[in-house]
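A.B. asks: I'd like to ask you about the structure that follows.
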Amino acid sequence: MQTRTQPEGREPLEGREPPKILGGFFHEIAKNRLIYAMALPGLAFFFLFNYLPMAGIVVAFKNYKFSDGLFGSAWRNPWYQNFEFFFKSGAYVQLTRNTLLLNTAFIVFGTIFSVVLAIMINELIFRRAKKALQAGILMPYFISWVVVGVFSYALFNFDYGTINVLLKSLGFQPVNWYNDASLWPPILTVVHIWKNTGYTSIIYIAALAGIDPSYYEAARIDGASKFQQIRYINLPQLWPTVTTMTLLSVGRIMNADFGMFYSIVGQNPMLYPTADVIDTYVYRTLRTLGDVGMSSAVGFYQSCVAFVLVLGSNWLARRYQPDGSLF
Amino acid sequence: MIQAKNERALNGFFLAVLLLFALFCVAPYLLVLAGSFTYEGELVKSGLRLVPKQWSADAYKLLFSDFGRVATGYKNTVLVTSAGTVISLLINSMLAYALSKRACKYRGALGFYCYFTMLFSGGIVPWYIVCAQYLGLRNNIWALILPYAASAWYMFLLRNYFKSLPEEIGESATIDGASEPRIFFTIILPLSLPALASVGLFVALMYWNDWWLGIMLTEEARLMPLQLLLRSIVSNIQFMTGENASRIIGSAVKLPSEGIKYAATIITIGPILLLYPFIQKYFVKGLMVGAVKG
């Protein structure tokens with residue numbers, strides 16, 4: 001498997017003639033056997049939990065039977081049978097649209113918000129307040145989506161949710177949040193910002209901390225105001241990090257955060273028009289309907305589009321940001 | 001002069017905005033904490049309040065009346081988190097060390113082998129079939145640990161750290177005849193404690209907060225981790241049979257069916273909240289390292 005990889009494996013050893021490719025491979029393994037032995041458990045785990053499922057993707061074209069297993073089950077005829085319902089019913093339009101739109105909103109608003117926050121925190125002169133605020137803002141990052149689900153239930157449930165109680169006490173009609181699909185894209189965006197801004201803003205703060213202080217000195221001597229400094233020093237210096245982080249998220253734009261949707265939206269068909277995403281659909285098809293063929297077909301569609309997007313964004317990153325590139 | 005004044009005003013404005021956002025981040029915790037101690041009658045009438053009018057510990061009483069269930073949840077989560085963190089750090093750091101050695105000729109190809117797992121995935125269906133049908137990870141505690149053990153992201157973070165250590169450290173030990181695993185365990189690992197602590201905290205948090213492995217690969221109540229216990233309490237309105245509950249709380253009182261959701265939440269996030277002030281700065285450090293080198 002690895003014979004085709006590294007030509008340097010053939011480096012001549014003192015006093016011996018260079019071994020042949022295959023010999024070189026065994027020679028290298030034998031020479032550094034303890035090093036390779038240390039690598040082995042990790043490599044085996046990737047094989048079992050990542051590469052086997054990748055090969056198992058063929059199940060999207062099969063009529064999976066438990067007794068015949070992943071690779072033994074018969075092929076579908078015609079080969080696209082598992083995909084038929086997903087594409088003919090038009091389900092893919094709504095799911096792809098929801099996934100892409102919601103993730104785009106998360107990326108755009110999330111980035112703007114964390115950059116603004118990072119700049120504000122960076123500018124603060126009150127040291128102790130800085131630390132405390134950062135700790136507060138990072139707090140939501142530490143809890144699971146299940147807990148966030150309880151929080152959102154406490155806020156939004158119709159009868160005694162905090163928001164409705166507040167509305168009623170102010171003399172407004174309570175809102176039936178869990179019945180109105182149009183409300184959820186903004187709510188989910190706010191929840192996403194709430195949970196992740198602390199995390200992403202730290203990355204931007206790290207980038208801001210790396211700015212050469214002499215820039216600011218020069219700007220001050222020239223009489224630049226704080227706003228001008230932010231506009232002409234901070235933002236341009238942040239730009240590479242912003243691009244890298246954005247491209248990283250764009251690469252994952254087809255993959256919705258399953259935990260978020262499953263915990264907050266749950267299995268509520270009223271909200272599916274705007275808040276059902278590919279990952280929740282795959283999960284439902286697999287666990288509720290038990291349809292291995294169709295769920296794996298949808299997963300296959302998702303994985304392929306995602307792969308193209310990852311490669312594309314990586315290519316862009318390398319092109320525009322040679323040293324800020326992702327990998 | 002004017003500029004200094006302006007700057008102070010600007011700073012005050014920033015501080016105000018940040019304070020508001022920090023409050024927004026922390027408020028749900030406080031609301032739910034207060035809610036877990038609020039009398040049920042008040043909860044269903046006027047919702048959550050930062051300071052309840054009528055305090056009550058009924059929700060906790062009801063929650064702990066089924067002590068075995070809560071204890072099982074804790075036991076599972078603590079076990080999975082500690083075992084998972086140790087196993088994951090061991091596997092990832094050994095692999096990272098091997099890939100950081102220049103003597104390892106195939107490190108480029110092997111690095112790509114690990115990296116590719118971040119680019120492409122087979123999706124959850126084949127993953128589920130492989131785990132459940134072929135690897136026997138179904139309804140046992142390993143199912144909650146092993147699938148997350150190897151992670152390319154953390155592995156590369158550790159490899160970058162090992163690479164940044166001066167090479168002479170290992171070299172002198174090699175001359176003295178120490179083997180690579182020995183060098184790794186007795187010299188490199190102790191030197192890498194800061195990196196291991198940061199990565200370890202991220203891994204531990206991932207295991208503590210995980211419920212995906214639980215819903216996918218287990219069905220039995222004895223394996224239920226804390227997060228799934230919370231989930232089942234939130235989605236089952238009736239935590240236990242009415243009769244039983246009224247015996248514990250007293251039949252005249254309203255059953256804390258709302259309050260128990262909040263009490264269970266506090267129980268689930270309690271340990272993290274208690275540790276938070278101490279571990280928070282390691283997270284920030286770890287993130288900064290990841291940001292610079294990732």
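Ordering of the structure tokens sets the chain letters (A, B, ...), residue numbers begin anew at 1 in every chain, and ligands are numbered from 1 in the order given.
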I'd like a table as JSON lines: residues in chain A with an atom no more than 7 Å from chain B, each row giving the shortest atom pair and its distance in Å to one decimal, only C-alpha atoms counted, sorted by chain and rising residue number.

C.D. replies:
```
{"residue": "A:Thr5", "atom": "CA", "partner": "B:Ala109", "partner_atom": "CA", "distance": 6.4}
{"residue": "A:Gln6", "atom": "CA", "partner": "B:Tyr106", "partner_atom": "CA", "distance": 6.5}
{"residue": "A:Gly9", "atom": "CA", "partner": "B:Lys105", "partner_atom": "CA", "distance": 6.1}
{"residue": "A:Asn32", "atom": "CA", "partner": "B:Cys104", "partner_atom": "CA", "distance": 6.9}
{"residue": "A:Leu34", "atom": "CA", "partner": "B:Glu180", "partner_atom": "CA", "distance": 6.5}
{"residue": "A:Ile35", "atom": "CA", "partner": "B:Ala98", "partner_atom": "CA", "distance": 5.4}
{"residue": "A:Tyr36", "atom": "CA", "partner": "B:Ala98", "partner_atom": "CA", "distance": 6.7}
{"residue": "A:Met38", "atom": "CA", "partner": "B:Met94", "partner_atom": "CA", "distance": 5.3}
{"residue": "A:Ala39", "atom": "CA", "partner": "B:Leu95", "partner_atom": "CA", "distance": 4.1}
{"residue": "A:Pro41", "atom": "CA", "partner": "B:Ile91", "partner_atom": "CA", "distance": 6.2}
{"residue": "A:Gly42", "atom": "CA", "partner": "B:Ile91", "partner_atom": "CA", "distance": 5.3}
{"residue": "A:Phe45", "atom": "CA", "partner": "B:Ala150", "partner_atom": "CA", "distance": 6.1}
{"residue": "A:Phe46", "atom": "CA", "partner": "B:Ala150", "partner_atom": "CA", "distance": 6.6}
{"residue": "A:Phe49", "atom": "CA", "partner": "B:Pro147", "partner_atom": "CA", "distance": 6.3}
{"residue": "A:Asn50", "atom": "CA", "partner": "B:Thr117", "partner_atom": "CA", "distance": 6.2}
{"residue": "A:Pro53", "atom": "CA", "partner": "B:Trp127", "partner_atom": "CA", "distance": 4.8}
{"residue": "A:Met54", "atom": "CA", "partner": "B:Gly122", "partner_atom": "CA", "distance": 4.0}
{"residue": "A:Gly56", "atom": "CA", "partner": "B:Pro126", "partner_atom": "CA", "distance": 5.1}
{"residue": "A:Ile57", "atom": "CA", "partner": "B:Gly122", "partner_atom": "CA", "distance": 5.5}
{"residue": "A:Met120", "atom": "CA", "partner": "B:Phe14", "partner_atom": "CA", "distance": 5.7}
{"residue": "A:Leu124", "atom": "CA", "partner": "B:Asn11", "partner_atom": "CA", "distance": 5.9}
{"residue": "A:Leu133", "atom": "CA", "partner": "B:Ala22", "partner_atom": "CA", "distance": 6.1}
{"residue": "A:Ala135", "atom": "CA", "partner": "B:Gln280", "partner_atom": "CA", "distance": 6.9}
{"residue": "A:Gly136", "atom": "CA", "partner": "B:Ala22", "partner_atom": "CA", "distance": 5.3}
{"residue": "A:Ile137", "atom": "CA", "partner": "B:Ala22", "partner_atom": "CA", "distance": 5.1}
{"residue": "A:Pro140", "atom": "CA", "partner": "B:Cys25", "partner_atom": "CA", "distance": 6.5}
{"residue": "A:Ile143", "atom": "CA", "partner": "B:Asn209", "partner_atom": "CA", "distance": 6.6}
{"residue": "A:Ser144", "atom": "CA", "partner": "B:Asn209", "partner_atom": "CA", "distance": 4.9}
{"residue": "A:Val146", "atom": "CA", "partner": "B:Arg231", "partner_atom": "CA", "distance": 6.4}
{"residue": "A:Val147", "atom": "CA", "partner": "B:Thr265", "partner_atom": "CA", "distance": 6.3}
{"residue": "A:Phe151", "atom": "CA", "partner": "B:Pro28", "partner_atom": "CA", "distance": 6.2}
{"residue": "A:Tyr160", "atom": "CA", "partner": "B:Gly47", "partner_atom": "CA", "distance": 4.7}
{"residue": "A:Gly161", "atom": "CA", "partner": "B:Gly47", "partner_atom": "CA", "distance": 5.7}
{"residue": "A:Thr162", "atom": "CA", "partner": "B:Gly47", "partner_atom": "CA", "distance": 5.3}
{"residue": "A:Val165", "atom": "CA", "partner": "B:Ser46", "partner_atom": "CA", "distance": 6.0}
{"residue": "A:Trp194", "atom": "CA", "partner": "B:Cys25", "partner_atom": "CA", "distance": 6.3}
{"residue": "A:Ile203", "atom": "CA", "partner": "B:Ala291", "partner_atom": "CA", "distance": 5.6}
{"residue": "A:Ala206", "atom": "CA", "partner": "B:Met288", "partner_atom": "CA", "distance": 5.8}
{"residue": "A:Lys226", "atom": "CA", "partner": "B:Glu7", "partner_atom": "CA", "distance": 6.9}
{"residue": "A:Ser295", "atom": "CA", "partner": "B:Val125", "partner_atom": "CA", "distance": 6.9}
{"residue": "A:Ser296", "atom": "CA", "partner": "B:Val125", "partner_atom": "CA", "distance": 5.4}
{"residue": "A:Gly299", "atom": "CA", "partner": "B:Gly123", "partner_atom": "CA", "distance": 5.3}
{"residue": "A:Phe300", "atom": "CA", "partner": "B:Gly123", "partner_atom": "CA", "distance": 6.8}
{"residue": "A:Ser303", "atom": "CA", "partner": "B:Ser121", "partner_atom": "CA", "distance": 6.3}
{"residue": "A:Phe307", "atom": "CA", "partner": "B:Phe120", "partner_atom": "CA", "distance": 5.7}
{"residue": "A:Val310", "atom": "CA", "partner": "B:Leu119", "partner_atom": "CA", "distance": 6.6}
```

A.B. asks: At a cut-off of 12 Å, using only C-alpha atoms, what residues contact Glu217 (chain A)? Leave out same-chain residues fewer than 5 positions from it and give the result as a list in words.

C.D. replies: Ile211, Asp212, Asp222, Gly223, Ala224, Ser225, Lys226, Gln229 and Ile233 of chain A

A.B. asks: So what do you get for CA of Ser89 (chain A) versus CA of Met294 (chain A), distance-wise?

C.D. replies: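 Atom-to-atom, CA of Ser89 (chain A) to CA of Met294 (chain A), that is 12.5 Å.
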
A.B. asks: Figure out the distance between CA of Phe158 (chain A) and CA of Pro174 (chain A), please, to one decimal in Å.

C.D. replies: 7.2 Å

A.B. asks: Run DSSP on the backbone and tell me which residues of region 2-251 of chain B come out as helix (DSSP H, G or I); list them as number ranges by chain.

C.D. replies: B: 2-36, 40-46, 58-65, 67-100, 107-119, 124-134, 141-144, 146-148, 152-164, 168-175, 180-191, 193-209, 212-217, 221-223, 226-235, 242-249

A.B. asks: For a test of reading the model, state the distance in Å between CA of Lys61 (chain B) and CA of Gly41 (chain B), rounded to one decimal.

C.D. replies: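 These atoms are spaced 16.0 Å apart.
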
A.B. asks: If you count only C-alpha atoms, which residues fall within 6 Å of Arg159 (chain B), apart from same-chain ones fewer than 2 positions away, as number ranges by chain?

C.D. replies: B: 96, 100, 156-157, 161-162

A.B. asks: Excluding Trp79 (chain A) and any residue of its chain fewer than 6 positions from it, enumerate the residues within 12 Å of it, using only C-alpha atoms, and give them as an NGL selection string.

C.D. replies: :A and (58-63 or 293 or 297)

A.B. asks: Let me see the file: selected residues, N, CA and C atoms, as a PDB file, in the first residue's frame.

C.D. replies:
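Below is the file again01.pdb, written as the result:
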```pdb
ATOM      1  N   VAL A  58     -20.335   2.743  -0.380  1.00  0.00           N
ATOM      2  CA  VAL A  58     -20.971   1.983  -1.461  1.00  0.00           C
ATOM      3  C   VAL A  58     -22.381   1.554  -1.083  1.00  0.00           C
ATOM      4  N   VAL A  59     -22.686   1.561   0.220  1.00  0.00           N
ATOM      5  CA  VAL A  59     -24.010   1.122   0.655  1.00  0.00           C
ATOM      6  C   VAL A  59     -25.112   2.016   0.063  1.00  0.00           C
ATOM      7  N   ALA A  60     -24.717   3.223  -0.362  1.00  0.00           N
ATOM      8  CA  ALA A  60     -25.689   4.119  -0.997  1.00  0.00           C
ATOM      9  C   ALA A  60     -26.228   3.520  -2.297  1.00  0.00           C
ATOM     10  N   PHE A  61     -25.488   2.582  -2.875  1.00  0.00           N
ATOM     11  CA  PHE A  61     -25.912   1.978  -4.142  1.00  0.00           C
ATOM     12  C   PHE A  61     -26.383   0.541  -3.950  1.00  0.00           C
ATOM     13  N   LYS A  62     -26.595   0.165  -2.668  1.00  0.00           N
ATOM     14  CA  LYS A  62     -26.920  -1.226  -2.394  1.00  0.00           C
ATOM     15  C   LYS A  62     -28.260  -1.371  -1.708  1.00  0.00           C
ATOM     16  N   ASN A  63     -28.740  -2.589  -1.739  1.00  0.00           N
ATOM     17  CA  ASN A  63     -29.935  -2.941  -0.996  1.00  0.00           C
ATOM     18  C   ASN A  63     -29.444  -3.602   0.292  1.00  0.00           C
ATOM     19  N   GLY A 293     -30.868   2.542   2.873  1.00  0.00           N
ATOM     20  CA  GLY A 293     -30.552   2.899   1.485  1.00  0.00           C
ATOM     21  C   GLY A 293     -30.690   4.389   1.235  1.00  0.00           C
ATOM     22  N   ALA A 297     -27.842   7.323   0.845  1.00  0.00           N
ATOM     23  CA  ALA A 297     -27.788   8.053  -0.427  1.00  0.00           C
ATOM     24  C   ALA A 297     -27.724   9.556  -0.174  1.00  0.00           C
TER      25      ALA A 297
END
```
